[in-house]
Amino acid sequence: MAAPIVGREAELSALEAFLASDARPRALVLTGGPGIGKTTLWDAAVEAGRGRGLRVLAARASDADTQLSFAALIDLLDGVDDEELTTLPPPRRHALDVALLRAQPTGAPPEPHAIALGLLDALRSLAQRRPLLVAVDDVQWLDRASEDALAFAVRRLADEPAAFLLARRPGPRSDLERALDAKALEQVEVRPPSLGAIRTIL
């Protein structure tokens, strides 16, 4: 990982090993307090994933978006063209498109179950084309609708070439993390930099 980050050799090494792993699927969560450097490491891993040829779906959750249904899902699939979703079964495709604000609802709003199935189909379809890296920063602020859909999909992925990179503040584990427990979930605690690293930075 080529990112010029001072004093984070252990974390960068863990992220590099995570991206290079052949485990399917796999997951890693960066934890640490505000301002400790989680997002810097998350950004470096996202760029390294792109450099490895992974298809990256990324979202930065925000406290301002926690009440907006499917805000994170919209961000994750923002760069996915409609043509890439043509293989999805029509009912699930329409439910997902409505959730992503790409289509008008016809009649009653789509069921959350149908949206989650549409997301699962989308992840499977994309992973068939190229290995995936699904990256979410500030998981503690994920909107509930997005987290539920992601957790549903994660529990049903099996041998797809997909990796999940999360970053969050200390606190109770999210439903998404619990869903990832069976997917070789690793945890890296981001600690304050050493005095030597601080001197180098200064």
# chains A, B, ... in the order shown; residues from 1 in each chain; ligands from 1
>>> residues_around(residues="A:Ala163", least_positions_apart="3", cutoff="7 Å", atoms="only C-alpha atoms", output="CSV table (one decimal) with C-alpha atoms, in the first residue's frame")
chain,number,residue,atom,x,y,z
A,25,PRO,CA,-16.2,-13.4,1.4
A,26,ARG,CA,-14.1,-11.6,4.0
A,27,ALA,CA,-14.4,-8.5,6.2
A,132,LEU,CA,-15.8,-6.5,-5.1
A,133,LEU,CA,-14.8,-4.3,-2.2
A,134,VAL,CA,-17.7,-2.9,-0.3
>>> select_by_dssp(residues="stretch 10-64 of chain A", states="strand (DSSP E or B)", output="tab-separated table (two decimals) with C-alpha atoms, in the first residue's frame")
chain	number	residue	atom	x	y	z
A	26	ARG	CA	-14.08	-11.60	4.03
A	27	ALA	CA	-14.41	-8.50	6.18
A	28	LEU	CA	-12.32	-6.07	8.21
A	29	VAL	CA	-13.44	-3.30	10.55
A	30	LEU	CA	-11.28	-0.35	11.64
A	31	THR	CA	-12.26	0.97	15.08
A	55	ARG	CA	-14.69	-3.04	-8.12
A	56	VAL	CA	-15.14	-0.63	-5.21
A	57	LEU	CA	-18.57	0.31	-3.86
A	58	ALA	CA	-18.01	3.03	-1.26
A	59	ALA	CA	-20.20	5.06	1.10
A	60	ARG	CA	-19.44	7.55	3.86
>>> residues_around(residues="A:Leu73", least_positions_apart="3", cutoff="6 Å", atoms="only C-alpha atoms", output="CSV table (one decimal) with all heavy atoms, in the first residue's frame")
chain,number,residue,atom,x,y,z
A,70,PHE,N,-32.2,4.5,3.0
A,70,PHE,CA,-31.3,4.0,1.9
A,70,PHE,C,-30.3,5.0,1.4
A,70,PHE,O,-29.8,4.9,0.3
A,70,PHE,CB,-32.2,3.5,0.7
A,70,PHE,CG,-33.2,2.4,1.1
A,70,PHE,CD1,-34.5,2.7,1.2
A,70,PHE,CD2,-32.7,1.2,1.4
A,70,PHE,CE1,-35.4,1.7,1.5
A,70,PHE,CE2,-33.6,0.2,1.8
A,70,PHE,CZ,-34.9,0.4,1.8
A,76,LEU,N,-23.5,3.7,-2.2
A,76,LEU,CA,-22.8,2.5,-2.6
A,76,LEU,C,-23.0,2.2,-4.1
A,76,LEU,O,-22.0,1.8,-4.8
A,76,LEU,CB,-23.2,1.3,-1.8
A,76,LEU,CG,-22.7,1.2,-0.4
A,76,LEU,CD1,-23.3,0.1,0.4
A,76,LEU,CD2,-21.2,1.0,-0.4
A,146,SER,N,-30.6,1.0,5.0
A,146,SER,CA,-29.4,0.5,4.3
A,146,SER,C,-28.7,-0.6,5.1
A,146,SER,O,-28.3,-1.6,4.5
A,146,SER,CB,-28.4,1.7,4.1
A,146,SER,OG,-28.9,2.6,3.2
>>> residues_around(residues="A:Thr40", least_positions_apart="2", cutoff="12 Å", atoms="only C-alpha atoms", output="list in words")
Ala3, Pro4, Ile5, Val6, Arg8, Glu11, Leu12, Leu30, Gly32, Pro34, Gly35, Ile36, Gly37, Lys38, Trp42, Asp43, Ala44, Ala45, Val46, Glu47, Asp137, Ala167 and Val190 of chain A
